[in-house]
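Visitor: Mind looking over this structure? Questions follow.
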Amino acid sequence: MVRVRIAPSPTGMAHVGTAYVSLFNLAFARKNGGKFILRIEDTDKKREVEGGIDVIKEGLSWLGLTWDEFYRQSERLSIYKEYAEKLLKEGKAYEEDGGIILKVEKEDVSWKDLVRGEITFPADEVSDFAIIKKDGFPTYNFAVVVDDWQMKVTHVIRAEDHISNTPRQIAAYKALGANIPEFAHVPLLRNKDKSKISKRKNPVALSWYKEEGYLPEALVNFLCLLGWSHPEEKEVFDMDEFVKNFDLERVRKAGPVFDMDKLDWMNGEYIKSMDDKKLADTLAAFYKERYEKDLLTKTAPLVKERIRKLSEYESLASFYYEQPKIDKELFGKDYKDHLESAVEVLESVGKWEANNLGEVLVGVADKKGFHRGDFFMNLRVAVTGKKVTPPFNESVEILGKEETIKRLKTVL
Ligand code: GLU
C-alpha cells in the first residue's frame with residue numbers, strides 16, 4: 001500500500017512550501033488509495049516555537065489538506081537511540097565526541113528519482129556522518145530514515161533541496177537493513193528572481209494568505225499549477241480533479257516562480273464563480289461578522305466581479321455601511337448644479353429601483369444639457385466618496401431614498 005508523508009518542523013509558521021509539497025503527497029496517496037502521514041520534526045529544541053505544531057495543523061486544515069496519521073519525532077527518541085545502538089553493536093557505527101557516527105561505504109550512490117530520473121553521487125561525495133548528536137538527539141538524516149522505514153513509507157516526495165541528503169539517507173537504510181523507498185524530488189518554489197522562495201521577497205506563511213482574503217480552493221489550485229500541468233492544459237480545477245489526473249511524471253522539473261499576480265487572478269476567478277449566498281457567507285466569516293448580514297447579502301453580487309481578494313471588499317463597499325467623507329477635489333466642474341438637479345428629481349421618484357433611477361437621472365441630465373458621464377461621476381463621488389465603485393444605480397437602490405438624498409445634500 002502506498003504510504004507517503006510530510007515532515008515539517010514547528011518553526012512557528014505553516015510555510016506555503018509545506019502546503020505545496022503536501023499537495024503532491026496527498027494527491028499521490030489518494031490516487032493510489034494510500035495513506036498520508038503528518039510527522040512533525042520536533043527534535044531540534046532550539047528551533048522549536050511554542051504552538052508551532054498547531055499552526056501547521058491549522059494551515060493545512062484551512063487548505064483542506066488532511067492527514068491520516070500523525071506523529072511527533074520527540075515522542076520517538078528512544079526508537080532512534082535503540083537503532084543507533086544496534087548499529088554501534090554491529091560495528092556499523094562508532095562513537096566520537098559523545099555522538100554516534102555512521103560508517104559509510106565508499107561507493108557511488110544512485111537512485112531513480114521519480115521526478116528527475118537517474119541521480120548519482122560519486123563515492124567521494126559521501127562520507128561518514130553523525131546519526132546521534134552529543135545532546136543525545138538524532139540528526140535529521142537518521143531520524144527521517146528510521147521513521148520512514150518504521151512507518152512503512154513507500155514514496156518520499158519532498159522538495160529538491162533534500163537531494164543532497166538522499167545519499168546519506170540511502171547509506172542509513174542500507175546499514176539498518178531496511179527497504180529503500182522511492183524518491184521524488186519536486187522543484188522548490190521560487191521568488192521572481194528565481195531564488196528559493198523567502199519571506200523577504202514573498203509572503204510565505206499560510207496565515208498571511210488567509211488574512212489577506214485568498215480562498216483556500218484558489219490557493220490550492222494555484223499551488224497545483226505551479227508544480228504540475230493539467231493534461232488538458234486546464235488552469236482552473238479543484239482538488240478532486242487534481243487527484244484524478246495526478247501523475248508524478250507531470251511534475252515540472254524547473255523551479256516554478258510564485259507569481260502573485262497570477263494568484264490574484266486565480267482568486268478573482270474563484271470569487272466570481274461563487275454563488276452569491278456563499279460569497280456573502282464567506283465575507284461575513286472573513287470580516288468576523290463586522291458587516292450587517294443583510295447588506296452583505298445585497299452588496300456581495302455587486303462587488304463580485306470587482307474584487308480579487310476578500311480584503312478588497314472593505315474599500316469597495318464601506319460606503320454602503322457608512323456615509324463616506326468626501327474629498328471635494330474629486331468633483332468635476334458644475335458639480336453643485338449636477339447634485340442640485342439630481343436631488344430635485346430624486347425627491348419625487350416613486351419607484352426606487354435601479355433601472356428606474358437610471359432612466360430618471362439620464363432624463364434630467366439630458367434635459368439640463370449636462371454631459372452624462374460628468375454628471376454621473378459627480379453623483380458617484382457624492383454618494384460613495386470614490387470614482388471607482390460598484391454599479392451606481394444598483395448601489396443607490398440599496399442605499400435607499402432617504403440616505404442617498406441626505407448624502408447629496410451633505411456636500412451641497
Ligand atoms: N523537515 C524537512 C523539511 O521540511 C523534511 C524533509 C523530508 O521530507 O525528508 O524540509
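Chain labels A, B, ... are given in the sequence in which chains occur in the C-alpha cells; within each chain residues are numbered consecutively from 1, and ligands are likewise numbered from 1 in the order shown.
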Residues at most 7 Å from ligand 1, using only C-alpha atoms and all ligand atoms? Could they come as a list in words?

Guide: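 Here is the list of contacting residues: Ile6, Ala7, Pro8, Ser9, Thr18, Glu41, Val144, Val156, Ile157, Arg158, Ala159 and His162 of chain A.
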
Visitor: I need the strand (DSSP E or B) residues of segment 150-335 of chain A per DSSP on the backbone, written as a list in words.

Guide: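 Taking segment 150-335 of chain A and keeping strand (DSSP E or B) only, one gets His155, Val156, Ile157, Arg158, Ala159, Glu182, Phe183, Ala184, His185, Val186, Arg190, Lys196, Ala205, Trp228, Val251 and Val257 of chain A.
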
Visitor: Might you pull out every residue within 12 Å of Lys367 of chain A, with only C-alpha atoms counted and same-chain residues fewer than 3 positions away left off, and present them as an MDAnalysis selection string?

Guide: chainID A and resid 338 341:342 345 360:364 370:372

Visitor: Given the selection you just returned, output its residues as a file containing N, CA and C atoms, formatted as a PDB file, in the first residue's frame.

Guide:
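Contents of result20.pdb, as written:
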ATOM      1  N   HIS A 338     -25.111  69.829 -10.818  1.00  0.00           N
ATOM      2  CA  HIS A 338     -25.474  68.429 -11.041  1.00  0.00           C
ATOM      3  C   HIS A 338     -26.188  67.848  -9.823  1.00  0.00           C
ATOM      4  N   SER A 341     -29.723  69.345  -9.218  1.00  0.00           N
ATOM      5  CA  SER A 341     -30.724  68.816 -10.147  1.00  0.00           C
ATOM      6  C   SER A 341     -31.098  67.386  -9.791  1.00  0.00           C
ATOM      7  N   ALA A 342     -30.091  66.621  -9.375  1.00  0.00           N
ATOM      8  CA  ALA A 342     -30.366  65.233  -9.010  1.00  0.00           C
ATOM      9  C   ALA A 342     -31.276  65.174  -7.784  1.00  0.00           C
ATOM     10  N   VAL A 345     -34.928  65.932  -8.656  1.00  0.00           N
ATOM     11  CA  VAL A 345     -35.695  64.885  -9.335  1.00  0.00           C
ATOM     12  C   VAL A 345     -35.834  63.624  -8.452  1.00  0.00           C
ATOM     13  N   VAL A 360     -34.475  58.029 -14.840  1.00  0.00           N
ATOM     14  CA  VAL A 360     -34.800  59.354 -14.321  1.00  0.00           C
ATOM     15  C   VAL A 360     -33.568  60.270 -14.351  1.00  0.00           C
ATOM     16  N   LEU A 361     -32.445  59.702 -13.948  1.00  0.00           N
ATOM     17  CA  LEU A 361     -31.228  60.526 -13.879  1.00  0.00           C
ATOM     18  C   LEU A 361     -30.706  60.904 -15.264  1.00  0.00           C
ATOM     19  N   VAL A 362     -30.732  59.932 -16.175  1.00  0.00           N
ATOM     20  CA  VAL A 362     -30.322  60.250 -17.544  1.00  0.00           C
ATOM     21  C   VAL A 362     -31.253  61.343 -18.098  1.00  0.00           C
ATOM     22  N   GLY A 363     -32.531  61.205 -17.775  1.00  0.00           N
ATOM     23  CA  GLY A 363     -33.516  62.178 -18.249  1.00  0.00           C
ATOM     24  C   GLY A 363     -33.184  63.586 -17.782  1.00  0.00           C
ATOM     25  N   VAL A 364     -32.839  63.711 -16.533  1.00  0.00           N
ATOM     26  CA  VAL A 364     -32.574  65.068 -16.024  1.00  0.00           C
ATOM     27  C   VAL A 364     -31.271  65.614 -16.601  1.00  0.00           C
ATOM     28  N   PHE A 370     -26.543  68.478 -19.396  1.00  0.00           N
ATOM     29  CA  PHE A 370     -25.284  68.076 -18.738  1.00  0.00           C
ATOM     30  C   PHE A 370     -24.621  66.971 -19.547  1.00  0.00           C
ATOM     31  N   HIS A 371     -23.320  66.908 -19.446  1.00  0.00           N
ATOM     32  CA  HIS A 371     -22.589  65.778 -20.014  1.00  0.00           C
ATOM     33  C   HIS A 371     -22.894  64.568 -19.109  1.00  0.00           C
ATOM     34  N   ARG A 372     -23.458  63.506 -19.689  1.00  0.00           N
ATOM     35  CA  ARG A 372     -23.915  62.376 -18.850  1.00  0.00           C
ATOM     36  C   ARG A 372     -22.804  61.796 -17.964  1.00  0.00           C
TER      37      ARG A 372
END

Visitor: When DSSP works through the backbone of this structure, what residues of segment 17-173 of chain A end up as helix (DSSP H, G or I), shown as a ChimeraX atom specification?

Guide: /A:17-31,52-62,73-89,123-125,140-150,160-173

Visitor: Just give me the gap between atom CA of Gly177 of chain A and atom CA of Glu105 of chain A in Å, one decimal is fine.

Guide: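 Value for the atom CA of Gly177 of chain A-atom CA of Glu105 of chain A distance: 13.9 Å.
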
Visitor: Within 12 Å of Lys86 of chain A, counting only C-alpha atoms, which residues qualify if same-chain residues fewer than 5 places away don't, as a list of chain:residue names?

Guide: A:Ile79, A:Tyr80, A:Lys81, A:Gly91, A:Lys92, A:Ala93, A:Tyr94, A:Ile100, A:Leu102, A:Ala175, A:Leu176, A:Gly177

Visitor: I'd like the interatomic distance between atom CA of Ala317 of chain A and atom CA of Glu292 of chain A, to a tenth of an Å.

Guide: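 One can read the atom CA of Ala317 of chain A to atom CA of Glu292 of chain A distance as 12.1 Å.
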
Visitor: Between A:Gly12, A:Val2, A:Leu26, A:Asn32, which has the minimum distance to Glu50 of chain A (counting only C-alpha atoms)?

Guide: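 Closest to Glu50 of chain A of all the choices is A:Gly12.
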
Visitor: I'd like the contact shell of segment 385-402 of chain A - 9 Å cut-off, only C-alpha atoms, skipping same-chain residues fewer than 4 positions apart - returned as a count of residues only.

Guide: 35

Visitor: Could you check how far atom CA of Asn141 of chain A sits from atom CA of Val104 of chain A, in Å to one decimal?

Guide: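 Here the two named atoms are 13.1 Å from each other.
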
Visitor: Restricting the calculation to only C-alpha atoms: of A:Thr43, A:Gln73, A:Arg116, A:Ala27, which residue gets closest to Phe137 of chain A?

Guide: A:Thr43
